[in-house]
Structure formats: structure tokens, C-alpha cells
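Quick notes on the structure that follows.
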Amino acid sequence: MSIGKTEKYRVDRETKLGYILTKANDDEEYFLHHNECQGQKLFPGDYVHAFLYVDKKNRVAATLLKPMIDMNSPGLVEVVGINDNLGVFMNIGISKDILLSKDDLPLKRNLWPRIGDKIISILRTKNNKLIIKIANKEQILSAKKEEVLSENGKFTAYVYRITPDGINAVTEGMNIIFIYRTNMRREYRLGEKIEVRIIKKNEEDYSGTLIENKEFQIKDDRKIILEYLRNNNGVMLITENSSPELINRLFKMSKAAFKKALGNLYRDHIIEIEEDKIILLEE
């Protein structure tokens, strides 16, 4: 059985609801509903290229609609439904939405994709049903288009991998961009659309940043530090002498960026810097 594949079939006969398809050297019959024919009128003896899937009634069915992804070719497909117990459902261009299991989603629920997000996906089968898996780097690069991302240029991409070191995103042209954690100021969810600026080209992918520029970065970093101070009664024990790991864990910024923001706040007489603590003055 060729679930998840587009292959050539012969129209054997027509019924009230659609057509019965057969394939050479195959005793099985496959039902093609009239609604799945893209308006075509078929006759016994015609040959069509049809895609097999399992419909909402758990029957193997055929469609002449062309899916956006298949078993060999990954693509960006949209999230159209969310079930906390099962995972998220994706629209691949046919009448049946396909499940991406919660087992393949982040453990933190706030990092799950939302409706309208896009995930780089590839089709697989499990227990004779279609499922979706998140494509890996090798699969993405195999589908890469002739697209060059210019250094310092900004490009639209979608998050497909979240790690302690940062996030990986992919463009419509199947270019992969890695954004290190010090080049982002908040958490990003799987499938989220981002506008990323390219820092450099690597051998197989790109490095990018989600921070606009130095001036905006300092302003954003000031806000993060001030919010922390306000939430801690105007005093914090994290200083310029604290470890880079602690600073990054609390503020999602590098030690150098942290020191620049502190210096900026100090010059504006908003904070007092002591040896073992930072104090918020009246703003």
C-alpha cells in the first residue's frame, strides 16, 4: 500500500460518490471522492496520478490534490489546530489535516506552535497512517533552493529547533540560520515567524541575530535590567563581577551587553553601582 505517495492509478469504475481506482500488480481498490478530483470528470480506463491517505473515517482514500510535502520532500506547512493531549494538526494541502505528535514538541507548553505558525515538516507513516515529523538538517539542505542570503540583510524565517545554545530557523528557500542565545532577548516558540539579520555565512548554514543594532540593544537591555530591579525591591546582587552564565540565565544577554547597559543606566543616574550590589535610584 502506497500511503503518503503520489502514484499512477487506473480508473476502474464510477460510483454515486466518486471513482474506484486500481493499480497494476495490486489487488486493492482505492476510493476517489468526486470532491477530491479538482473538478475533473473521469471515465473508466483513464489514468490519474493520485495521493493516498487515510480519511476521517479511517479508510484508505485517494485525492488528486497535490500535497505540499511528501515522504521525500520537506516543506513549511501551517499549524491549523492544537490538541493538548495529542499535538498539533498541520495543513499539507489535502482535505485531511495531519498530526505532529506532542512527543515531537517542546516539553514547555509555551514553546508549542500557535495556529498560523509554520513548521518545516516531512511526511512519515505509522501504523498505516500518515504522520508529520519535523525535518532534520540533512533533509532541509537536500531541498535547498538557489537562494543566497546577503550579510547584514534581513530575512523572514521560521523557528524549527530550540536548544540551550539558541534556535535554528529556516527560510522559504530552505536556508538554515542559527541564532545564538546572546543574539536574542526572549524565548521563541517552535514555528514562530521571525525577521533575522544575517551576521555571516558558514559552510552549510548562516549565523544571524534578532537584535536590531547596538543602540536598540542597549535600550532593550536597560528595560530588562530595570524590570528585574523593580521586581526585586530595587536591589539586585548580580553585578559586573557575576559570572557570564548567571547573567545569561537571568537576563538572556552576554556579560559585555550587561555591562554596557549598566554603564548606560549609571550615566543617566538611574542606578547606583556598589561592589556587591546594584541599587535602583528614583527614576
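Here, A, B, ... name the chains of the C-alpha cells in the order displayed, residue numbers run from 1 inside each chain, and ligands are numbered from 1 in the same displayed order.
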
So which residues of range 66-222 of chain A fall under helix (DSSP H, G or I) by DSSP, listed as a list in words? Lys102, Asp103, Asp104, Arg109, Asn110, Leu111, Lys137, Glu138, Gln139, Ile140, Leu141, Ser142, Arg181, Thr182, Asn183, Lys214, Glu215, Phe216, Gln217, Ile218, Lys219, Asp220, Asp221 and Arg222 of chain A

Selected residues written out, N, CA and C atoms, as a tab-separated table (two decimals), in the first residue's frame:
chain	number	residue	atom	x	y	z
A	102	LYS	N	2.67	15.37	20.05
A	102	LYS	CA	3.21	16.16	21.16
A	102	LYS	C	4.56	15.59	21.60
A	103	ASP	N	4.84	14.32	21.27
A	103	ASP	CA	6.14	13.73	21.58
A	103	ASP	C	7.27	14.42	20.84
A	104	ASP	N	6.94	15.09	19.74
A	104	ASP	CA	7.94	15.80	18.95
A	104	ASP	C	7.95	17.30	19.22
A	109	ARG	N	5.07	23.93	27.47
A	109	ARG	CA	3.88	24.17	26.65
A	109	ARG	C	3.91	25.53	25.98
A	110	ASN	N	4.55	26.53	26.60
A	110	ASN	CA	4.57	27.87	26.00
A	110	ASN	C	5.47	27.94	24.76
A	111	LEU	N	6.25	26.89	24.52
A	111	LEU	CA	7.10	26.85	23.33
A	111	LEU	C	6.45	26.08	22.19
A	137	LYS	N	18.26	18.62	9.61
A	137	LYS	CA	19.14	19.48	8.81
A	137	LYS	C	19.44	18.87	7.45
A	138	GLU	N	19.74	17.59	7.43
A	138	GLU	CA	20.07	16.92	6.17
A	138	GLU	C	18.90	16.98	5.19
A	139	GLN	N	17.69	16.72	5.69
A	139	GLN	CA	16.50	16.75	4.83
A	139	GLN	C	16.23	18.16	4.31
A	140	ILE	N	16.43	19.16	5.16
A	140	ILE	CA	16.22	20.55	4.74
A	140	ILE	C	17.21	20.94	3.66
A	141	LEU	N	18.49	20.64	3.88
A	141	LEU	CA	19.52	21.02	2.92
A	141	LEU	C	19.33	20.32	1.58
A	142	SER	N	18.74	19.12	1.60
A	142	SER	CA	18.50	18.39	0.34
A	142	SER	C	17.46	19.10	-0.52
A	181	ARG	N	22.15	32.31	21.59
A	181	ARG	CA	21.28	32.84	22.66
A	181	ARG	C	21.60	34.28	23.03
A	182	THR	N	22.87	34.72	22.88
A	182	THR	CA	23.20	36.10	23.21
A	182	THR	C	22.71	37.08	22.14
A	183	ASN	N	22.25	36.56	21.01
A	183	ASN	CA	21.71	37.40	19.94
A	183	ASN	C	20.19	37.40	19.92
A	214	LYS	N	23.15	48.24	17.87
A	214	LYS	CA	23.73	48.49	19.18
A	214	LYS	C	22.87	49.42	20.02
A	215	GLU	N	22.36	50.49	19.40
A	215	GLU	CA	21.56	51.47	20.13
A	215	GLU	C	20.28	50.85	20.66
A	216	PHE	N	19.57	50.11	19.79
A	216	PHE	CA	18.34	49.44	20.23
A	216	PHE	C	18.64	48.37	21.27
A	217	GLN	N	19.78	47.70	21.10
A	217	GLN	CA	20.15	46.63	22.03
A	217	GLN	C	20.31	47.19	23.44
A	218	ILE	N	21.02	48.31	23.59
A	218	ILE	CA	21.23	48.89	24.92
A	218	ILE	C	19.90	49.32	25.53
A	219	LYS	N	19.01	49.91	24.72
A	219	LYS	CA	17.70	50.33	25.22
A	219	LYS	C	16.90	49.13	25.71
A	220	ASP	N	16.91	48.04	24.93
A	220	ASP	CA	16.18	46.84	25.33
A	220	ASP	C	16.79	46.22	26.58
A	221	ASP	N	18.13	46.21	26.65
A	221	ASP	CA	18.81	45.63	27.81
A	221	ASP	C	18.55	46.45	29.07
A	222	ARG	N	18.50	47.78	28.93
A	222	ARG	CA	18.14	48.64	30.06
A	222	ARG	C	16.77	48.25	30.63

So that each row is one residue of range 82-174 of chain A with an atom at most 12 Å from range 26-43 of chain A, can you give its shortest atom pair and the distance in Å to one decimal, using only C-alpha atoms, rows by chain and rising number, as a Markdown table?
| residue | atom | partner | partner_atom | distance |
| --- | --- | --- | --- | --- |
| A:Gly93 | CA | A:Glu36 | CA | 11.6 |
| A:Ile94 | CA | A:Glu36 | CA | 8.6 |
| A:Ser95 | CA | A:Glu36 | CA | 8.1 |
| A:Lys96 | CA | A:Glu36 | CA | 11.1 |

Let's have the selection written as a tab-separated table (two decimals), in the first residue's frame, with all heavy atoms.
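out12.tsv written:
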chain	number	residue	atom	x	y	z
A	93	GLY	N	-2.23	20.61	2.43
A	93	GLY	CA	-2.79	20.87	1.10
A	93	GLY	C	-3.82	19.89	0.64
A	93	GLY	O	-4.31	19.98	-0.49
A	94	ILE	N	-4.18	18.91	1.48
A	94	ILE	CA	-5.25	17.97	1.14
A	94	ILE	C	-6.39	18.18	2.14
A	94	ILE	O	-6.30	19.01	3.05
A	94	ILE	CB	-4.77	16.50	1.14
A	94	ILE	CG1	-4.31	16.08	2.55
A	94	ILE	CG2	-3.63	16.33	0.16
A	94	ILE	CD1	-3.94	14.60	2.66
A	95	SER	N	-7.49	17.43	1.99
A	95	SER	CA	-8.67	17.66	2.82
A	95	SER	C	-8.50	17.15	4.25
A	95	SER	O	-9.30	17.47	5.12
A	95	SER	CB	-9.89	17.00	2.18
A	95	SER	OG	-9.67	15.62	1.99
A	96	LYS	N	-7.47	16.37	4.52
A	96	LYS	CA	-7.24	15.82	5.86
A	96	LYS	C	-6.01	16.48	6.48
A	96	LYS	O	-4.93	16.48	5.89
A	96	LYS	CB	-7.02	14.29	5.75
A	96	LYS	CG	-6.60	13.60	7.04
A	96	LYS	CD	-7.75	13.45	8.01
A	96	LYS	CE	-7.31	12.76	9.30
A	96	LYS	NZ	-6.89	11.35	9.11

Could you tell me how far CA of Leu99 in chain A sits from CA of Thr125 in chain A, in Å to one decimal place? 11.0 Å

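The shortest atom-to-atom distance to Ile225 in chain A, with only C-alpha atoms taken into account, belongs to A:Lys260 out of A:Tyr188, A:Arg197, A:Lys260, A:Ser207.
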
Top pick for closest residue to Lys223 in chain A, considering A:Val79, A:Ala261, A:Val54, A:Met71 and counting only C-alpha atoms: A:Ala261

Spatial neighbours of Arg249 in chain A, max dist 12 Å, only C-alpha atoms, sep filter under 2 positions, as an mmCIF file with N, CA, C and O atoms, in the first residue's frame:
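The resulting selection26.cif:
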data_model
loop_
_atom_site.group_PDB
_atom_site.id
_atom_site.type_symbol
_atom_site.label_atom_id
_atom_site.label_comp_id
_atom_site.auth_asym_id
_atom_site.auth_seq_id
_atom_site.Cartn_x
_atom_site.Cartn_y
_atom_site.Cartn_z
ATOM 1 N N PRO A 164 19.586 24.717 24.149
ATOM 2 C CA PRO A 164 20.113 25.608 25.187
ATOM 3 C C PRO A 164 21.039 26.690 24.628
ATOM 4 O O PRO A 164 21.189 27.757 25.233
ATOM 5 N N ASP A 165 21.661 26.433 23.477
ATOM 6 C CA ASP A 165 22.593 27.395 22.895
ATOM 7 C C ASP A 165 21.921 28.448 22.021
ATOM 8 O O ASP A 165 22.526 29.468 21.695
ATOM 9 N N ARG A 181 22.146 32.306 21.589
ATOM 10 C CA ARG A 181 21.281 32.836 22.661
ATOM 11 C C ARG A 181 21.595 34.283 23.032
ATOM 12 O O ARG A 181 20.703 35.026 23.456
ATOM 13 N N THR A 182 22.874 34.716 22.880
ATOM 14 C CA THR A 182 23.200 36.105 23.211
ATOM 15 C C THR A 182 22.712 37.076 22.140
ATOM 16 O O THR A 182 22.761 38.293 22.335
ATOM 17 N N ARG A 185 16.716 38.169 22.819
ATOM 18 C CA ARG A 185 16.396 38.726 24.127
ATOM 19 C C ARG A 185 15.157 38.109 24.756
ATOM 20 O O ARG A 185 14.673 38.596 25.775
ATOM 21 N N ARG A 186 14.621 37.089 24.153
ATOM 22 C CA ARG A 186 13.476 36.397 24.742
ATOM 23 C C ARG A 186 13.407 34.990 24.180
ATOM 24 O O ARG A 186 14.174 34.626 23.283
ATOM 25 N N GLU A 187 12.505 34.184 24.711
ATOM 26 C CA GLU A 187 12.292 32.834 24.187
ATOM 27 C C GLU A 187 11.447 32.904 22.916
ATOM 28 O O GLU A 187 10.574 33.768 22.786
ATOM 29 N N ILE A 238 23.312 40.773 41.402
ATOM 30 C CA ILE A 238 24.062 40.459 40.177
ATOM 31 C C ILE A 238 24.776 41.732 39.750
ATOM 32 O O ILE A 238 24.150 42.773 39.548
ATOM 33 N N SER A 242 29.632 39.266 38.315
ATOM 34 C CA SER A 242 28.927 37.983 38.267
ATOM 35 C C SER A 242 29.359 37.182 37.048
ATOM 36 O O SER A 242 29.887 37.724 36.069
ATOM 37 N N SER A 243 29.118 35.886 37.093
ATOM 38 C CA SER A 243 29.564 35.009 36.003
ATOM 39 C C SER A 243 28.731 35.228 34.741
ATOM 40 O O SER A 243 27.537 35.559 34.841
ATOM 41 N N PRO A 244 29.324 35.035 33.554
ATOM 42 C CA PRO A 244 28.566 35.155 32.298
ATOM 43 C C PRO A 244 27.378 34.208 32.248
ATOM 44 O O PRO A 244 26.329 34.548 31.700
ATOM 45 N N GLU A 245 27.534 33.016 32.840
ATOM 46 C CA GLU A 245 26.457 32.014 32.820
ATOM 47 C C GLU A 245 25.237 32.502 33.609
ATOM 48 O O GLU A 245 24.094 32.352 33.176
ATOM 49 N N LEU A 246 25.501 33.105 34.789
ATOM 50 C CA LEU A 246 24.401 33.621 35.611
ATOM 51 C C LEU A 246 23.706 34.785 34.915
ATOM 52 O O LEU A 246 22.467 34.854 34.891
ATOM 53 N N ILE A 247 24.484 35.682 34.339
ATOM 54 C CA ILE A 247 23.913 36.842 33.641
ATOM 55 C C ILE A 247 23.047 36.390 32.471
ATOM 56 O O ILE A 247 21.944 36.885 32.270
ATOM 57 N N PHE A 251 19.141 37.184 32.374
ATOM 58 C CA PHE A 251 18.803 38.328 31.527
ATOM 59 C C PHE A 251 18.846 38.028 30.026
ATOM 60 O O PHE A 251 18.546 38.902 29.218
ATOM 61 N N LYS A 252 19.261 36.811 29.667
ATOM 62 C CA LYS A 252 19.345 36.425 28.255
ATOM 63 C C LYS A 252 20.244 37.387 27.461
ATOM 64 O O LYS A 252 19.934 37.771 26.337
ATOM 65 N N MET A 253 21.362 37.778 28.076
ATOM 66 C CA MET A 253 22.308 38.656 27.381
ATOM 67 C C MET A 253 23.733 38.281 27.791
ATOM 68 O O MET A 253 23.946 37.624 28.814
ATOM 69 N N SER A 254 24.689 38.690 26.971
ATOM 70 C CA SER A 254 26.087 38.422 27.283
ATOM 71 C C SER A 254 26.553 39.330 28.422
ATOM 72 O O SER A 254 25.918 40.343 28.737
ATOM 73 N N LYS A 255 27.700 38.974 29.023
ATOM 74 C CA LYS A 255 28.235 39.800 30.103
ATOM 75 C C LYS A 255 28.616 41.176 29.574
ATOM 76 O O LYS A 255 28.409 42.194 30.250
ATOM 77 N N PHE A 258 25.510 43.216 29.224
ATOM 78 C CA PHE A 258 25.046 43.549 30.570
ATOM 79 C C PHE A 258 25.819 44.746 31.128
ATOM 80 O O PHE A 258 25.233 45.696 31.663
#

Which residues, written as an mmCIF file with all heavy atoms, in the first residue's frame, have at least one atom at most 8 Å from Ala143 in chain A, with only C-alpha atoms counted and residues fewer than 5 positions away on the same chain left out?
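That gives us part.cif:
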data_model
loop_
_atom_site.group_PDB
_atom_site.id
_atom_site.type_symbol
_atom_site.label_atom_id
_atom_site.label_comp_id
_atom_site.auth_asym_id
_atom_site.auth_seq_id
_atom_site.Cartn_x
_atom_site.Cartn_y
_atom_site.Cartn_z
ATOM 1 N N SER A 73 10.254 14.973 0.344
ATOM 2 C CA SER A 73 10.461 16.413 0.189
ATOM 3 C C SER A 73 9.837 17.176 1.353
ATOM 4 O O SER A 73 8.619 17.168 1.524
ATOM 5 C CB SER A 73 9.840 16.894 -1.127
ATOM 6 O OG SER A 73 10.389 16.188 -2.224
ATOM 7 N N PRO A 74 10.663 17.853 2.175
ATOM 8 C CA PRO A 74 10.128 18.648 3.274
ATOM 9 C C PRO A 74 9.613 19.996 2.793
ATOM 10 O O PRO A 74 9.898 20.429 1.664
ATOM 11 C CB PRO A 74 11.344 18.836 4.189
ATOM 12 C CG PRO A 74 12.505 18.855 3.231
ATOM 13 C CD PRO A 74 12.138 17.886 2.129
ATOM 14 N N MET A 174 14.713 27.285 2.098
ATOM 15 C CA MET A 174 15.377 26.183 2.787
ATOM 16 C C MET A 174 16.802 26.510 3.227
ATOM 17 O O MET A 174 17.659 25.632 3.312
ATOM 18 C CB MET A 174 15.390 24.899 1.917
ATOM 19 C CG MET A 174 14.022 24.404 1.530
ATOM 20 S SD MET A 174 13.028 23.837 2.937
ATOM 21 C CE MET A 174 11.701 25.040 2.905
#
